[in-house]
Amino acid sequence: MFEDVYETVLNGSNHVYLDVPKELYFQDNDDIDKESVQNFAANYFKMTGRDGIPKVISVDTDADQQLIRLAIEVDMEREHKLDQYNVPDSLNVYRK
């Protein structure tokens, strides 16, 4: 489904730009509203295996090229911190 989406990533930035064909977008969505584009971006990140949490910051439409352009800010922070994994450096000599 997402193979027709063109992705642009700026080096050293946490911004991603998606050019989505209108007919692809409207296969599953009825309107271009905040909730729909946010769900589209979240599904894109999940299905393509991208890291981070997408937050759509702007949406533009291009009538000439039949595209919807999404500007996305990617949050790489987790809501919860993972515990550091400690590897033992020696065997437990008291273990029987």
# chains A, B, ... in the order shown; residues from 1 in each chain; ligands from 1
>>> residues_around(residues="stretch 4-15 of chain A", least_positions_apart="6", cutoff="12 Å", atoms="only C-alpha atoms", output="PyMOL selection string")
chain A and resi 21-25+40-41+44-45+48+50-58+67-77
>>> select_by_dssp(residues="chain A", states="helix (DSSP H, G or I)", output="JSON, numbers by chain")
{"A": [2, 3, 4, 22, 23, 24, 25, 26, 27, 28, 34, 35, 36, 37, 38, 39, 40, 41, 42, 43, 44, 45, 46, 47, 48]}
>>> select_by_dssp(residues="stretch 4-93 of chain A", states="strand (DSSP E)", output="compact mmCIF listing (two decimals) with C-alpha atoms, in the first residue's frame")
# COMPACT_ATOMS: atom_id res chain seq x y z
CA TYR A 6 7.68 9.26 -1.75
CA GLU A 7 9.66 9.99 1.43
CA THR A 8 12.17 12.81 1.91
CA VAL A 9 14.39 12.90 5.00
CA HIS A 15 11.68 15.97 9.98
CA VAL A 16 10.26 13.67 7.31
CA TYR A 17 8.23 14.76 4.29
CA LEU A 18 5.78 12.38 2.61
CA ASP A 19 4.31 12.89 -0.87
CA VAL A 20 1.18 10.75 -0.97
CA PRO A 21 -0.88 10.22 -4.14
CA ILE A 53 6.65 8.54 16.82
CA PRO A 54 5.34 10.71 13.95
CA LYS A 55 3.59 14.02 14.58
CA VAL A 56 2.10 15.73 11.53
CA ILE A 57 2.94 19.43 11.62
CA SER A 58 1.48 20.53 8.28
CA VAL A 59 -0.52 19.25 5.32
CA ASP A 60 -0.53 20.71 1.81
CA THR A 61 -2.35 19.57 -1.30
CA ASP A 62 -1.01 19.87 -4.84
CA LEU A 67 -0.48 14.79 -4.20
CA ILE A 68 -0.96 15.33 -0.50
CA ARG A 69 2.24 16.51 1.19
CA LEU A 70 2.72 15.77 4.86
CA ALA A 71 5.41 17.43 6.96
CA ILE A 72 6.15 15.21 9.94
CA GLU A 73 8.22 15.77 13.05
CA VAL A 74 9.60 12.50 14.42
CA ASP A 75 9.88 12.11 18.18
>>> closest_residue(among="A:Asn29, A:Gln65, A:Asn43, A:Gln38", to="A:Phe2", atoms="only C-alpha atoms")
A:Asn43
>>> decode(residues="stretch 30-49 of chain A", atoms="N, CA and C atoms", output="PDB file, in the first residue's frame")
ATOM      1  N   ASP A  30     -11.812   9.538   4.186  1.00  0.00           N
ATOM      2  CA  ASP A  30     -12.847  10.303   3.499  1.00  0.00           C
ATOM      3  C   ASP A  30     -12.514  11.781   3.391  1.00  0.00           C
ATOM      4  N   ASP A  31     -11.654  12.270   4.280  1.00  0.00           N
ATOM      5  CA  ASP A  31     -11.386  13.701   4.339  1.00  0.00           C
ATOM      6  C   ASP A  31      -9.941  13.920   4.780  1.00  0.00           C
ATOM      7  N   ILE A  32      -9.446  15.121   4.501  1.00  0.00           N
ATOM      8  CA  ILE A  32      -8.109  15.506   4.965  1.00  0.00           C
ATOM      9  C   ILE A  32      -8.296  16.321   6.236  1.00  0.00           C
ATOM     10  N   ASP A  33      -8.311  15.625   7.358  1.00  0.00           N
ATOM     11  CA  ASP A  33      -8.408  16.307   8.641  1.00  0.00           C
ATOM     12  C   ASP A  33      -7.256  15.850   9.527  1.00  0.00           C
ATOM     13  N   LYS A  34      -7.119  16.509  10.663  1.00  0.00           N
ATOM     14  CA  LYS A  34      -5.966  16.270  11.541  1.00  0.00           C
ATOM     15  C   LYS A  34      -5.867  14.809  11.982  1.00  0.00           C
ATOM     16  N   GLU A  35      -6.967  14.238  12.382  1.00  0.00           N
ATOM     17  CA  GLU A  35      -6.965  12.854  12.870  1.00  0.00           C
ATOM     18  C   GLU A  35      -6.623  11.862  11.749  1.00  0.00           C
ATOM     19  N   SER A  36      -7.175  12.085  10.560  1.00  0.00           N
ATOM     20  CA  SER A  36      -6.933  11.167   9.444  1.00  0.00           C
ATOM     21  C   SER A  36      -5.479  11.181   8.994  1.00  0.00           C
ATOM     22  N   VAL A  37      -4.888  12.374   8.872  1.00  0.00           N
ATOM     23  CA  VAL A  37      -3.493  12.427   8.422  1.00  0.00           C
ATOM     24  C   VAL A  37      -2.553  11.894   9.502  1.00  0.00           C
ATOM     25  N   GLN A  38      -2.894  12.102  10.772  1.00  0.00           N
ATOM     26  CA  GLN A  38      -2.072  11.557  11.851  1.00  0.00           C
ATOM     27  C   GLN A  38      -2.117  10.025  11.837  1.00  0.00           C
ATOM     28  N   ASN A  39      -3.298   9.462  11.620  1.00  0.00           N
ATOM     29  CA  ASN A  39      -3.431   8.002  11.524  1.00  0.00           C
ATOM     30  C   ASN A  39      -2.687   7.457  10.319  1.00  0.00           C
ATOM     31  N   PHE A  40      -2.752   8.170   9.196  1.00  0.00           N
ATOM     32  CA  PHE A  40      -2.025   7.743   7.996  1.00  0.00           C
ATOM     33  C   PHE A  40      -0.527   7.708   8.273  1.00  0.00           C
ATOM     34  N   ALA A  41      -0.008   8.757   8.899  1.00  0.00           N
ATOM     35  CA  ALA A  41       1.426   8.823   9.205  1.00  0.00           C
ATOM     36  C   ALA A  41       1.829   7.718  10.176  1.00  0.00           C
ATOM     37  N   ALA A  42       1.016   7.476  11.199  1.00  0.00           N
ATOM     38  CA  ALA A  42       1.323   6.419  12.175  1.00  0.00           C
ATOM     39  C   ALA A  42       1.328   5.050  11.497  1.00  0.00           C
ATOM     40  N   ASN A  43       0.363   4.802  10.624  1.00  0.00           N
ATOM     41  CA  ASN A  43       0.318   3.531   9.897  1.00  0.00           C
ATOM     42  C   ASN A  43       1.509   3.400   8.954  1.00  0.00           C
ATOM     43  N   TYR A  44       1.902   4.485   8.324  1.00  0.00           N
ATOM     44  CA  TYR A  44       3.065   4.459   7.429  1.00  0.00           C
ATOM     45  C   TYR A  44       4.321   4.074   8.212  1.00  0.00           C
ATOM     46  N   PHE A  45       4.520   4.686   9.358  1.00  0.00           N
ATOM     47  CA  PHE A  45       5.702   4.389  10.170  1.00  0.00           C
ATOM     48  C   PHE A  45       5.671   2.935  10.649  1.00  0.00           C
ATOM     49  N   LYS A  46       4.498   2.461  11.053  1.00  0.00           N
ATOM     50  CA  LYS A  46       4.390   1.094  11.543  1.00  0.00           C
ATOM     51  C   LYS A  46       4.635   0.081  10.418  1.00  0.00           C
ATOM     52  N   MET A  47       4.011   0.275   9.276  1.00  0.00           N
ATOM     53  CA  MET A  47       4.089  -0.695   8.184  1.00  0.00           C
ATOM     54  C   MET A  47       5.443  -0.689   7.480  1.00  0.00           C
ATOM     55  N   THR A  48       6.148   0.436   7.505  1.00  0.00           N
ATOM     56  CA  THR A  48       7.460   0.491   6.858  1.00  0.00           C
ATOM     57  C   THR A  48       8.595   0.217   7.846  1.00  0.00           C
ATOM     58  N   GLY A  49       8.270   0.049   9.128  1.00  0.00           N
ATOM     59  CA  GLY A  49       9.284  -0.282  10.119  1.00  0.00           C
ATOM     60  C   GLY A  49      10.167   0.879  10.530  1.00  0.00           C
TER      61      GLY A  49
END
